[in-house]
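See structure below.
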Amino acid sequence: MKNEQKLLDNLKWVTAELRQARRRLSEVESKSAEPIAIVSMACRYPGGVASPEDLWRMVAEGRDGIVELPGDRGWPEDLYDPDPAASGKSSTRMGAFLEGVEQFDAELFGISPREALAMDPQQRLLLETAWEAFERAGLDPAGVKGNRTGVFAGLNSQDYLLRLYRATGDLEGYAATGSAGSVASGRVAYTFGLEGPAVTVDTACSSSLVALHLAIQALRNGECDSALAGGATVMSSPSAFTVFSRQRGLAADGRCKAFAEAADGTGWGEGVGLVLLERLSDAQRNGHTVLAVLKGSAINQDGASNGLTAPNGPSQRRVIEQALANARLTPGQVDAVEAHGTGTTLGDPIEAQALLATYGREHTAEQPLWLGSVKSNVGHTQAAAGVAGVIKMVEAMRHGVLPPTLHVDRPTSHVDWESGTVSLLTETREWPETGQPRRAAVSSFGMSGTNAHLILEAAPIAAPEEAEADAGEASPETAPETEAAEAAPSLPVPVVVSARTAAALAESAGRLAAYVERHPQVEVGPLAARLWSGRAKMEYRAGVVTADRDELVEALTALATGSAHAALVTGPGSASAGKTAFVFPGQGSQWTRMGYELAAEEPAFAAHLAACRDELSRWCDWDLLEVLASEDEDALDRVDVVQPALFAVMTGIAQL
C-alpha cells in the first residue's frame, strides 16, 4: 500500500512536470512565431518622395523619379559615354537621385558643422528618418532615451570618405566615425539613447530586407522591445555607374523594366527607408496604430552556384519556402509579391521561375499571384530597395489597390509563364477580396548571394469592444446624464507646433496646414493631442487655439507666411521639463452646479467625477453627481458634502 501511494505521488509529479514542460514549450513556440507589428514608417526616395504617402501617390499614379545625372556632386561632366566598354564612363546619363541630399539639420541632433560635414550623408538620412519614424508613431524622439529599441540598418555604399579626403584634409578627427558602416546604426542608437542591439548590415542589394529579418528575430527572442529597421543608399561617387557599365548591366534610359521583354539592365537609384517595429501584442497594449504585420521571414545564401554575383533559382525557391514556413502559411495564402525585379535579362527570368515554382502552382486563373516591382518607379535603390518594397505593399494593403509596374511592353519571353499562375501587374487593380487577410511577400536578392524573403499581412481589425474602448477616456455610463452631454460642442484646444529656429517653425506650420487641408477626416482635438504628446517640444513655439478646421488652416498659413491671426500665439518655450503645482481653494469657494457644464463637455473630467462618486458611495449616503446637478442652493451647505465635492471638482480640473 505504501509503495502504491509512492508510485501514485510520483505519477502526479511527473504529470505536473509534463504539463509545465508543455506549457513552456507552447510559450516558446508562440513567441518564435508572434507577428511583428509595423507601427510607423518613414522614407525618402527619388521624385520628391519625402514620406510613405508620397511614395504611394507616385506608384498609384504610375510615375517614376528618373532624371539626368546630377550636376551638383562634382562628378565629371563627360561621365556619359554610350559605349559600355569605355573606361571610367557611364553608359547611361539617367538615374534616380534624392533631392537635397546635401542638406542636414545638424543643430537638431547636437552635431557640430565640421562633424556633420565629415558624416556620410547616409548617416544623416538615417538620423532624420529615425526622428520621423518616432514622431509618426506618436513618440517624442526626445523621450525614447533608455528604451530597449534596436537599430538594424542596411548599408552597402561607403564612397563618401574618398570624396571627403579629396575635398579637404582637415576633418581627420571625424572621418573614422563619419564613414564607418558600424557607426551608421550606432550613431542612431547614440543620438536617441536607444539601448537595444545596433547592427549595420551589408549584403549588397538585400541589405535592408536582411536588416528587417534580423529585427524580427531580435524582437521574438526578447533582445529588444522595439526596433528601427531599414536601409539607406546615397551614391556620393559615380562608381556604381562606371563599374556596372563595364559589366553591361545598366539600362540605357536608366529605367528598370522588371520582367519585361524590353528589359535591358537595371537603373540605379538612391533612398532611405525605416520602419518601427514592435511585437503585435506590445503594439496593441501600447495603443499604437498597427499599419501591417510581419508574419514571417527568411534569409539564405546561394553558396557555390553558377557565379559569385549571379542569382540562383534553387536558393530563391528555398528562401521563399522557408519564409512561408516561418509565417505558417501556404503559397496560396499570399496574394501578391513585390519582387526584386531589377530589370536585368539574367536576374528577372530566374526570379520569375522561382516564383512560378513556389507560389504559381497554388494559385488559379481567377486568383493569380500578382507580381510587381517598385524599382520601375524609383530605380534600384540598393541597400534601401527591400524596405521600399515593404512600404509600398503596406500602403497597397491599406488602400486595397495593387499599383502597376511601369515600363513593361510585354512579359518577357525568357520565362515560361504557363508553368504557374503568376500575373504581371501592368495596370492598376483593386486588391481582390478572398475571405482572408490581404497578404504580400517581398523579395530581395543581393549581389553577395544573400537572399531574403518576407511575408506581410494586413493589420488585424480591432474587435468592436476594443474600438469602443478606444473612442474616449469616458464611456457614456461614466458621464453625467444630461442633455448638454448628448450635444456637447467641440471646444477650442491649443494646436502646438515647435522647432529649433523661427524659419523651421514657419516651414512646419506650412506643412501642417497642407496636411490638414489634404485630409478632411482630421479632427482638431485628436490632432492637438497627438502633436503635444508625440512630438519633441523645442524652443520656438506657436499655438493655434481653435476648434475649427478652417480657422486652424488659416492661422497655420498665417504663421507660415509671417502674418498675424487672432487665434495664433507665438513665443519661446522651455526645453527643460518643469514641474506643475495645483493650489486648490478651501471651503467657501463652492457654487451651485459647480463643474456641471464642464463635465457635460469634457469626458476626462466627467470620468474623474464618476470615479470620485463611486468611491464616495462606499462611505456617504449622498450621490456626488446628484449634488453637482442640483439647482438647490442648500445642496452644498453641509460641511461633509461640500469638502468632498470641492475635492472632486478641483482634482478633476487638475486631471483634465
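Residue numbering restarts at 1 for every chain of the C-alpha cells, chains are lettered A, B, ... in their displayed order, and ligands are numbered from 1 as they appear.
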
Mind checking which residues fall within 10 Å of stretch 434-437 of chain A, counting only C-alpha atoms, ignoring those fewer than 6 positions away in the same chain, and posting them as number ranges by chain? A: 333-335, 367, 397, 457-461

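Using only C-alpha atoms, the contacts of A:His407 at a cut-off of 12 Å, with sequence neighbours closer than 5 positions omitted, comprise Gly62, Arg63, Asp64, Ala251, Asp253, Gly254, Arg255, Cys256, Lys257, Ala258, Phe259, Ala260, Glu261, Ala262, Ala263, Asp264, Gly343, Gly372, Ser373, Val374, Lys375, Ser376, Asn377, Gly379, Leu424, Leu425, Thr426 and Glu427 of chain A.
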
I need the chosen residues saved as an mmCIF file, in the first residue's frame, with C-alpha atoms.
data_model
loop_
_atom_site.group_PDB
_atom_site.id
_atom_site.type_symbol
_atom_site.label_atom_id
_atom_site.label_comp_id
_atom_site.auth_asym_id
_atom_site.auth_seq_id
_atom_site.Cartn_x
_atom_site.Cartn_y
_atom_site.Cartn_z
ATOM 1 C CA GLY A 62 2.212 55.493 -62.300
ATOM 2 C CA ARG A 63 5.079 57.995 -62.139
ATOM 3 C CA ASP A 64 8.816 57.471 -61.862
ATOM 4 C CA ALA A 251 19.625 50.222 -68.801
ATOM 5 C CA ASP A 253 17.467 55.041 -70.243
ATOM 6 C CA GLY A 254 18.123 54.425 -66.547
ATOM 7 C CA ARG A 255 14.755 52.682 -66.031
ATOM 8 C CA CYS A 256 14.137 49.228 -64.539
ATOM 9 C CA LYS A 257 11.832 47.291 -66.871
ATOM 10 C CA ALA A 258 11.034 44.481 -64.459
ATOM 11 C CA PHE A 259 10.053 41.186 -66.126
ATOM 12 C CA ALA A 260 9.579 42.961 -69.462
ATOM 13 C CA GLU A 261 10.630 41.818 -72.911
ATOM 14 C CA ALA A 262 12.284 45.237 -73.265
ATOM 15 C CA ALA A 263 14.421 44.754 -70.128
ATOM 16 C CA ASP A 264 17.971 45.903 -70.858
ATOM 17 C CA GLY A 343 15.131 44.634 -64.978
ATOM 18 C CA GLY A 372 5.259 43.884 -59.404
ATOM 19 C CA SER A 373 8.360 45.927 -58.595
ATOM 20 C CA VAL A 374 8.757 49.423 -57.137
ATOM 21 C CA LYS A 375 12.120 49.658 -58.897
ATOM 22 C CA SER A 376 10.203 50.696 -62.004
ATOM 23 C CA ASN A 377 9.296 53.885 -60.082
ATOM 24 C CA GLY A 379 15.126 52.735 -59.640
ATOM 25 C CA LEU A 424 2.491 40.758 -64.015
ATOM 26 C CA LEU A 425 0.818 43.955 -62.802
ATOM 27 C CA THR A 426 0.907 46.267 -65.798
ATOM 28 C CA GLU A 427 -2.153 48.263 -64.742
#

Each residue of stretch 238-351 of chain A lying at most 9 Å from stretch 84-107 of chain A should get a row with its shortest atom-to-atom pair and the distance in Å to one decimal, counting only C-alpha atoms; could you produce that, ordered by chain and increasing number, as CSV?
residue,atom,partner,partner_atom,distance
A:Pro238,CA,A:Ser90,CA,8.1
A:Ser239,CA,A:Gly88,CA,8.2
A:Ala240,CA,A:Ser90,CA,8.9
A:Phe241,CA,A:Ser90,CA,5.3
A:Thr242,CA,A:Ser90,CA,4.9
A:Val243,CA,A:Gly88,CA,7.7
A:Phe244,CA,A:Ser90,CA,8.2
A:Ser245,CA,A:Pro84,CA,5.0
A:Arg246,CA,A:Pro84,CA,5.2
A:Gln247,CA,A:Pro84,CA,7.6
A:Arg248,CA,A:Pro84,CA,6.0
A:Leu250,CA,A:Thr92,CA,7.1
A:Ala251,CA,A:Thr92,CA,7.0
A:Ala252,CA,A:Thr92,CA,5.0
A:Asp253,CA,A:Met94,CA,5.9
A:Gly254,CA,A:Met94,CA,4.7
A:Arg255,CA,A:Gly95,CA,7.5
A:Gly267,CA,A:Gly95,CA,6.0
A:Trp268,CA,A:Gly95,CA,5.5
A:Gly269,CA,A:Ala96,CA,4.2
A:Glu270,CA,A:Phe97,CA,5.4
A:Gly271,CA,A:Leu98,CA,6.5

I need the chosen residues saved as a compact mmCIF listing (two decimals), in the first residue's frame, with C-alpha atoms.
# COMPACT_ATOMS: atom_id res chain seq x y z
CA PRO A 238 29.66 57.67 -59.85
CA SER A 239 31.43 54.34 -59.26
CA ALA A 240 28.19 52.32 -59.33
CA PHE A 241 27.57 53.67 -62.83
CA THR A 242 31.08 53.16 -64.17
CA VAL A 243 31.53 49.65 -62.78
CA PHE A 244 28.18 48.31 -63.99
CA SER A 245 28.56 50.00 -67.36
CA ARG A 246 31.66 47.88 -67.97
CA GLN A 247 29.60 44.82 -66.95
CA ARG A 248 26.85 45.90 -69.38
CA LEU A 250 22.76 49.26 -66.90
CA ALA A 251 19.63 50.22 -68.80
CA ALA A 252 20.36 52.87 -71.42
CA ASP A 253 17.47 55.04 -70.24
CA GLY A 254 18.12 54.43 -66.55
CA ARG A 255 14.75 52.68 -66.03
CA GLY A 267 18.69 51.68 -63.30
CA TRP A 268 20.45 52.98 -60.21
CA GLY A 269 18.63 54.93 -57.55
CA GLU A 270 19.05 56.30 -54.03
CA GLY A 271 16.85 56.30 -50.98

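Distance check against A:Trp591 using only C-alpha atoms: of A:Ala635, A:Thr570, A:Leu126, A:Thr412, the minimum falls on A:Ala635.
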
Please identify the strand (DSSP E) residues within stretch 232-377 of chain A (assignment by DSSP from backbone atoms) and present them as number ranges by chain. A: 232-233, 271-279, 292-301, 336-338, 369-372

Just want the 12 Å neighbourhood of stretch 219-223 of chain A, counted on only C-alpha atoms, with same-chain residues fewer than 6 positions away dropped. Output as JSON, numbers by chain. {"A": [27, 28, 29, 30, 31, 32, 33, 34, 35, 36, 37, 147, 148, 149, 150, 151, 152, 195, 196, 197, 198, 212, 213, 229, 276, 277, 278, 279, 280, 281, 282, 294, 295, 296]}
